[in-house]
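One file, data_17.json, is given below (JSON, C-alpha atoms).
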[["chain", "number", "residue", "atom", "x", "y", "z"],
["U", 1, "MET", "CA", -15.44, -13.15, 3.82],
["U", 2, "THR", "CA", -14.02, -16.55, 2.90],
["U", 3, "ALA", "CA", -10.41, -17.19, 1.87],
["U", 4, "MET", "CA", -11.57, -17.84, -1.67],
["U", 5, "ALA", "CA", -13.43, -14.52, -1.77],
["U", 6, "TRP", "CA", -10.31, -12.67, -0.60],
["U", 7, "VAL", "CA", -8.07, -14.37, -3.16],
["U", 8, "LEU", "CA", -10.58, -13.72, -5.94],
["U", 9, "THR", "CA", -10.99, -10.06, -4.99],
["U", 10, "ILE", "CA", -7.28, -9.32, -4.66],
["U", 11, "THR", "CA", -6.45, -11.16, -7.88],
["U", 12, "ALA", "CA", -9.29, -9.37, -9.71],
["U", 13, "ALA", "CA", -7.93, -6.01, -8.52],
["U", 14, "ALA", "CA", -4.42, -6.92, -9.67],
["U", 15, "ALA", "CA", -5.75, -8.01, -13.08],
["U", 16, "ALA", "CA", -7.67, -4.74, -13.38],
["U", 17, "VAL", "CA", -4.61, -2.63, -12.58],
["U", 18, "PHE", "CA", -2.40, -4.57, -14.99],
["U", 19, "GLY", "CA", -5.07, -4.56, -17.70],
["U", 20, "GLY", "CA", -5.64, -0.83, -17.17],
["U", 21, "ALA", "CA", -1.97, -0.07, -17.60],
["U", 22, "MET", "CA", -1.86, -2.13, -20.78],
["U", 23, "PHE", "CA", -5.06, -0.44, -21.98],
["U", 24, "ALA", "CA", -3.29, 2.92, -21.61],
["U", 25, "PHE", "CA", -0.54, 1.66, -23.91],
["U", 26, "SER", "CA", -3.02, 0.38, -26.48],
["U", 27, "SER", "CA", -5.25, 3.42, -26.42],
["U", 28, "PHE", "CA", -2.83, 6.36, -26.34],
["U", 29, "VAL", "CA", 0.82, 5.65, -25.44],
["U", 30, "MET", "CA", 1.73, 3.59, -28.51],
["U", 31, "PRO", "CA", -0.37, 5.71, -30.91],
["U", 32, "ALA", "CA", 1.51, 8.76, -29.59],
["U", 33, "LEU", "CA", 4.89, 7.04, -29.97],
["U", 34, "ARG", "CA", 4.02, 5.91, -33.49],
["U", 35, "GLU", "CA", 3.19, 9.50, -34.39],
["U", 36, "LEU", "CA", 6.72, 10.62, -33.50],
["U", 37, "ALA", "CA", 9.64, 10.49, -35.85],
["U", 38, "PRO", "CA", 10.95, 6.88, -35.79],
["U", 39, "ARG", "CA", 14.15, 7.93, -34.00],
["U", 40, "ASP", "CA", 12.15, 9.63, -31.25],
["U", 41, "GLY", "CA", 9.72, 6.71, -30.95],
["U", 42, "ILE", "CA", 12.62, 4.27, -30.61],
["U", 43, "VAL", "CA", 14.37, 6.37, -27.97],
["U", 44, "ALA", "CA", 11.13, 6.82, -26.00],
["U", 45, "MET", "CA", 10.31, 3.10, -26.10],
["U", 46, "GLN", "CA", 13.84, 2.20, -25.07],
["U", 47, "SER", "CA", 13.43, 4.47, -22.05],
["U", 48, "ILE", "CA", 10.06, 2.91, -21.20],
["U", 49, "ASN", "CA", 11.66, -0.54, -21.48],
["U", 50, "ARG", "CA", 14.32, 0.45, -18.95],
["U", 51, "TRP", "CA", 11.75, 1.80, -16.49],
["U", 52, "ALA", "CA", 8.99, -0.81, -16.80],
["U", 53, "PRO", "CA", 10.72, -3.71, -15.00],
["U", 54, "LYS", "CA", 11.55, -1.57, -11.97],
["U", 55, "SER", "CA", 8.17, 0.19, -11.78],
["U", 56, "LEU", "CA", 5.37, -0.47, -9.32],
["U", 57, "LEU", "CA", 3.55, -2.33, -12.10],
["U", 58, "ALA", "CA", 5.62, -5.35, -11.05],
["U", 59, "LEU", "CA", 3.49, -5.55, -7.87],
["U", 60, "PRO", "CA", 0.11, -6.19, -9.51],
["U", 61, "MET", "CA", 1.80, -8.46, -12.05],
["U", 62, "GLY", "CA", 3.24, -10.57, -9.25],
["U", 63, "VAL", "CA", -0.06, -10.62, -7.38],
["U", 64, "LEU", "CA", -1.87, -11.61, -10.59],
["U", 65, "GLY", "CA", 0.54, -14.48, -11.18],
["U", 66, "ILE", "CA", 0.47, -15.80, -7.63],
["U", 67, "GLY", "CA", -3.24, -15.10, -7.19],
["U", 68, "GLY", "CA", -4.08, -16.73, -10.51],
["U", 69, "VAL", "CA", -2.33, -19.93, -9.49],
["U", 70, "ALA", "CA", -3.96, -19.81, -6.03],
["U", 71, "VAL", "CA", -7.42, -19.34, -7.57],
["U", 72, "LEU", "CA", -6.81, -22.30, -9.89],
["U", 73, "VAL", "CA", -5.72, -24.54, -7.02],
["U", 74, "LEU", "CA", -8.61, -23.50, -4.76],
["U", 75, "ALA", "CA", -11.20, -23.77, -7.54],
["U", 76, "LEU", "CA", -9.98, -27.13, -8.77],
["U", 77, "ALA", "CA", -9.87, -28.47, -5.21],
["U", 78, "GLY", "CA", -13.32, -27.07, -4.41],
["U", 79, "GLN", "CA", -16.67, -28.49, -5.07],
["U", 80, "GLY", "CA", -19.80, -27.14, -6.64],
["U", 81, "ASP", "CA", -20.93, -25.79, -9.96],
["U", 82, "ASP", "CA", -19.50, -22.26, -9.61],
["U", 83, "ARG", "CA", -15.93, -23.19, -10.51],
["U", 84, "ALA", "CA", -15.99, -22.18, -14.19],
["U", 85, "LEU", "CA", -15.75, -18.41, -13.63],
["U", 86, "PRO", "CA", -12.78, -18.48, -11.25],
["U", 87, "ILE", "CA", -10.95, -21.06, -13.37],
["U", 88, "LEU", "CA", -11.47, -19.12, -16.59],
["U", 89, "GLY", "CA", -10.65, -15.82, -14.87],
["U", 90, "ALA", "CA", -7.44, -17.24, -13.42],
["U", 91, "LEU", "CA", -6.43, -18.73, -16.77],
["U", 92, "LEU", "CA", -6.98, -15.42, -18.54],
["U", 93, "GLY", "CA", -4.95, -13.58, -15.90],
["U", 94, "VAL", "CA", -2.05, -16.00, -16.16],
["U", 95, "ALA", "CA", -2.34, -15.90, -19.97],
["U", 96, "SER", "CA", -1.91, -12.10, -19.91],
["U", 97, "LEU", "CA", 1.39, -12.58, -18.09],
["U", 98, "VAL", "CA", 2.47, -15.37, -20.43],
["U", 99, "VAL", "CA", 1.83, -13.11, -23.44],
["U", 100, "THR", "CA", 3.93, -10.45, -21.75],
["U", 101, "GLY", "CA", 6.86, -12.82, -21.26],
["U", 102, "VAL", "CA", 6.61, -14.72, -24.53],
["U", 103, "ALA", "CA", 5.64, -11.93, -26.93],
["U", 104, "ASN", "CA", 6.01, -8.37, -25.64],
["U", 105, "VAL", "CA", 9.27, -8.69, -23.70],
["U", 106, "PRO", "CA", 11.17, -10.35, -26.59],
["U", 107, "ILE", "CA", 9.90, -7.64, -28.93],
["U", 108, "ASN", "CA", 11.04, -5.02, -26.40],
["U", 109, "ASN", "CA", 14.47, -6.64, -26.35],
["U", 110, "LYS", "CA", 14.65, -6.27, -30.14],
["U", 111, "VAL", "CA", 13.76, -2.58, -30.02],
["U", 112, "ASP", "CA", 16.34, -2.05, -27.29],
["U", 113, "ALA", "CA", 18.96, -3.26, -29.76],
["U", 114, "LEU", "CA", 17.79, -0.91, -32.54],
["U", 115, "PRO", "CA", 20.00, 2.05, -33.35],
["U", 116, "ALA", "CA", 18.14, 5.33, -33.06],
["U", 117, "GLY", "CA", 18.95, 6.27, -36.63],
["U", 118, "PRO", "CA", 17.31, 6.34, -40.04],
["U", 119, "GLU", "CA", 18.30, 2.73, -40.76],
["U", 120, "ALA", "CA", 15.83, 1.56, -38.10],
["U", 121, "GLU", "CA", 12.76, 3.42, -39.41],
["U", 122, "GLY", "CA", 11.19, 0.37, -41.09],
["U", 123, "GLU", "CA", 12.01, -1.84, -38.15],
["U", 124, "TRP", "CA", 10.36, 0.60, -35.74],
["U", 125, "ALA", "CA", 7.10, 0.57, -37.72],
["U", 126, "ALA", "CA", 7.09, -3.24, -37.85],
["U", 127, "TYR", "CA", 8.00, -3.49, -34.16],
["U", 128, "ALA", "CA", 5.26, -1.10, -33.09],
["U", 129, "ALA", "CA", 2.58, -2.91, -35.12],
["U", 130, "VAL", "CA", 3.40, -6.39, -33.77],
["U", 131, "TRP", "CA", 3.94, -5.14, -30.21],
["U", 132, "CYS", "CA", 0.53, -3.42, -30.27],
["U", 133, "ARG", "CA", -1.26, -6.54, -31.50],
["U", 134, "TRP", "CA", 0.17, -8.58, -28.64],
["U", 135, "ASN", "CA", -0.53, -5.77, -26.20],
["U", 136, "HIS", "CA", -4.20, -5.79, -27.24],
["U", 137, "VAL", "CA", -4.28, -9.54, -26.52],
["U", 138, "ARG", "CA", -2.82, -9.20, -23.03],
["U", 139, "THR", "CA", -5.03, -6.18, -22.30],
["U", 140, "LEU", "CA", -8.19, -8.11, -23.18],
["U", 141, "ALA", "CA", -7.00, -11.17, -21.25],
["U", 142, "ALA", "CA", -6.21, -9.16, -18.11],
["U", 143, "LEU", "CA", -9.44, -7.14, -18.20],
["U", 144, "GLY", "CA", -11.47, -10.28, -18.93],
["U", 145, "SER", "CA", -9.75, -11.91, -15.97],
["U", 146, "ALA", "CA", -10.63, -8.97, -13.73],
["U", 147, "ILE", "CA", -14.30, -9.11, -14.70],
["U", 148, "LEU", "CA", -14.66, -12.88, -14.32],
["U", 149, "LEU", "CA", -12.81, -12.96, -10.99],
["U", 150, "ALA", "CA", -14.83, -10.04, -9.61],
["U", 151, "VAL", "CA", -18.09, -11.73, -10.59],
["U", 152, "ALA", "CA", -16.86, -14.98, -9.03],
["U", 153, "ALA", "CA", -15.94, -13.10, -5.83],
["U", 154, "ALA", "CA", -19.38, -11.56, -5.66],
["U", 155, "ARG", "CA", -20.95, -15.02, -5.88],
["U", 156, "VAL", "CA", -18.88, -16.58, -3.10]]
Please lay out the structure from this file as structure tokens.
Amino acid sequence: MTAMAWVLTITAAAAAVFGGAMFAFSSFVMPALRELAPRDGIVAMQSINRWAPKSLLALPMGVLGIGGVAVLVLALAGQGDDRALPILGALLGVASLVVTGVANVPINNKVDALPAGPEAEGEWAAYAAVWCRWNHVRTLAALGSAILLAVAAARV
């Protein structure tokens, strides 16, 4: 197995794990939290926000970031016609992390500042809707990355 195949495979796996975790949020975690009373949804999300940065999810996110950059460098430095899949896959993977940092984390910071009282009910609904839209974007980007990188690895 070549170095490029290893990097593609490991980065694809990291993208799949990250995308899968985000898919869980889109498909059932956030719908469940939105079903709760606003106070309970806020408190639950605040707890998730405290745990997420210190969870094992940081590992595949780091691998996806580093692997995505490595794939880009190797693909751009390489030769041949099969560079489109790894480049697009790497860009999608990095984009999923950028969306996390630019959209979801700032929204999380806003919910962390919300009081868990009735005055925050409208803000919770607005927060959850915007957060979910951005989460769908990063989910699709990460899973698209995983698919493209896995296909590229199989072709190397």
Give as a PDB file with C-alpha atoms, in the frame of the given file the set of residues within 6 Å of the point (-4.4, -16.3, -12.3), where distances use the file's coordinates and all atoms listed in the file.
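Output below, filename part-v9.pdb:
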ATOM      1  CA  LEU U  64      -1.870 -11.610 -10.590  1.00  0.00           C
ATOM      2  CA  GLY U  65       0.540 -14.480 -11.180  1.00  0.00           C
ATOM      3  CA  GLY U  67      -3.240 -15.100  -7.190  1.00  0.00           C
ATOM      4  CA  GLY U  68      -4.080 -16.730 -10.510  1.00  0.00           C
ATOM      5  CA  VAL U  69      -2.330 -19.930  -9.490  1.00  0.00           C
ATOM      6  CA  ALA U  90      -7.440 -17.240 -13.420  1.00  0.00           C
ATOM      7  CA  LEU U  91      -6.430 -18.730 -16.770  1.00  0.00           C
ATOM      8  CA  GLY U  93      -4.950 -13.580 -15.900  1.00  0.00           C
ATOM      9  CA  VAL U  94      -2.050 -16.000 -16.160  1.00  0.00           C
TER      10      VAL U  94
END
Practice prompt. Find, counting all atoms listed in the file, the residue in U:Asn108, U:Ser26, U:Gln79, U:Asn49 that gets nearest to His136 (chain U).
Written response: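 Nearest candidate to His136 (chain U) out of U:Asn108, U:Ser26, U:Gln79, U:Asn49: U:Ser26.
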Worksheet item: For Phe25 (chain U), which residue among U:Leu92, U:Cys132, U:Ala150, U:Val98 is the nearest when counting all atoms listed in the file?
Response: U:Cys132
Discussion item. So, with all atoms listed in the file as the atoms that count, which of U:Ala141, U:Ala128, U:Ala75, U:Leu59 lies closest to Val29 (chain U)?
Written reply: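 Going through U:Ala141, U:Ala128, U:Ala75, U:Leu59 one by one, the smallest distance to Val29 (chain U) is for U:Ala128.
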Discussion item. If we count all atoms listed in the file and set the cut-off at 8 Å, which residues sit around region 3-6 of chain U, ignoring sequence neighbours fewer than 6 positions away in its own chain? Please answer as a PyMOL selection string.
Written reply: chain U and resi 71+74+153-154+156
Practice prompt. Enter the distance from CA of Ser96 (chain U) to CA of Thr9 (chain U), in Å, rounded to one decimal.
Written response: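 Interatomic distance, CA of Ser96 (chain U) to CA of Thr9 (chain U): 17.6 Å.
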Practice prompt. Have a look at U:Leu140, U:Gly78, U:Ser47, U:Gly122 and name the one nearest to Val99 (chain U); count all atoms listed in the file.
Written response: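 Closest to Val99 (chain U), using all atoms listed in the file: U:Leu140.
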Practice prompt. Find the distance between CA of Ala16 (chain U) and CA of Leu143 (chain U) and write it in Å to one decimal.
Written response: 5.7 Å
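Closest to Trp131 (chain U) among U:Pro106, U:Asp82, U:Ile42, U:Leu57 is U:Pro106, based on only C-alpha atoms.
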N, CA and C atoms are what I want for region 47-72 of chain U; can you complete it accordingly and write them as a tab-separated table (two decimals), in the frame of the given file?
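As a result, out35.tsv now contains:
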chain	number	residue	atom	x	y	z
U	47	SER	N	13.50	3.94	-23.42
U	47	SER	CA	13.43	4.47	-22.05
U	47	SER	C	12.32	3.79	-21.25
U	48	ILE	N	11.16	3.62	-21.87
U	48	ILE	CA	10.06	2.91	-21.20
U	48	ILE	C	10.49	1.50	-20.83
U	49	ASN	N	11.19	0.83	-21.75
U	49	ASN	CA	11.66	-0.54	-21.48
U	49	ASN	C	12.63	-0.61	-20.32
U	50	ARG	N	13.41	0.43	-20.11
U	50	ARG	CA	14.32	0.45	-18.95
U	50	ARG	C	13.56	0.65	-17.65
U	51	TRP	N	12.50	1.47	-17.70
U	51	TRP	CA	11.75	1.80	-16.49
U	51	TRP	C	10.71	0.76	-16.11
U	52	ALA	N	10.10	0.11	-17.08
U	52	ALA	CA	8.99	-0.81	-16.80
U	52	ALA	C	9.33	-1.90	-15.79
U	53	PRO	N	10.46	-2.61	-15.93
U	53	PRO	CA	10.72	-3.71	-15.00
U	53	PRO	C	10.93	-3.27	-13.54
U	54	LYS	N	11.32	-2.03	-13.34
U	54	LYS	CA	11.55	-1.57	-11.97
U	54	LYS	C	10.43	-0.65	-11.46
U	55	SER	N	9.30	-0.64	-12.19
U	55	SER	CA	8.17	0.19	-11.78
U	55	SER	C	7.28	-0.56	-10.80
U	56	LEU	N	6.34	0.15	-10.23
U	56	LEU	CA	5.37	-0.47	-9.32
U	56	LEU	C	4.41	-1.41	-10.04
U	57	LEU	N	4.41	-1.40	-11.37
U	57	LEU	CA	3.55	-2.33	-12.10
U	57	LEU	C	3.95	-3.78	-11.83
U	58	ALA	N	5.18	-3.99	-11.40
U	58	ALA	CA	5.62	-5.35	-11.05
U	58	ALA	C	4.78	-5.93	-9.90
U	59	LEU	N	4.29	-5.08	-9.02
U	59	LEU	CA	3.49	-5.55	-7.87
U	59	LEU	C	2.18	-6.20	-8.32
U	60	PRO	N	1.33	-5.50	-9.08
U	60	PRO	CA	0.11	-6.19	-9.51
U	60	PRO	C	0.39	-7.37	-10.44
U	61	MET	N	1.47	-7.31	-11.20
U	61	MET	CA	1.80	-8.46	-12.05
U	61	MET	C	2.14	-9.68	-11.20
U	62	GLY	N	2.91	-9.47	-10.15
U	62	GLY	CA	3.24	-10.57	-9.25
U	62	GLY	C	2.02	-11.11	-8.53
U	63	VAL	N	1.18	-10.20	-8.06
U	63	VAL	CA	-0.06	-10.62	-7.38
U	63	VAL	C	-0.96	-11.37	-8.35
U	64	LEU	N	-1.04	-10.92	-9.59
U	64	LEU	CA	-1.87	-11.61	-10.59
U	64	LEU	C	-1.33	-13.01	-10.85
U	65	GLY	N	-0.03	-13.15	-10.95
U	65	GLY	CA	0.54	-14.48	-11.18
U	65	GLY	C	0.31	-15.42	-10.01
U	66	ILE	N	0.64	-14.97	-8.82
U	66	ILE	CA	0.47	-15.80	-7.63
U	66	ILE	C	-1.01	-16.04	-7.34
U	67	GLY	N	-1.80	-14.97	-7.43
U	67	GLY	CA	-3.24	-15.10	-7.19
U	67	GLY	C	-3.92	-15.99	-8.21
U	68	GLY	N	-3.50	-15.89	-9.47
U	68	GLY	CA	-4.08	-16.73	-10.51
U	68	GLY	C	-3.85	-18.20	-10.24
U	69	VAL	N	-2.63	-18.53	-9.82
U	69	VAL	CA	-2.33	-19.93	-9.49
U	69	VAL	C	-3.13	-20.36	-8.25
U	70	ALA	N	-3.20	-19.48	-7.24
U	70	ALA	CA	-3.96	-19.81	-6.03
U	70	ALA	C	-5.44	-20.03	-6.34
U	71	VAL	N	-6.01	-19.18	-7.19
U	71	VAL	CA	-7.42	-19.34	-7.57
U	71	VAL	C	-7.61	-20.68	-8.27
U	72	LEU	N	-6.71	-21.01	-9.19
U	72	LEU	CA	-6.81	-22.30	-9.89
U	72	LEU	C	-6.80	-23.47	-8.91
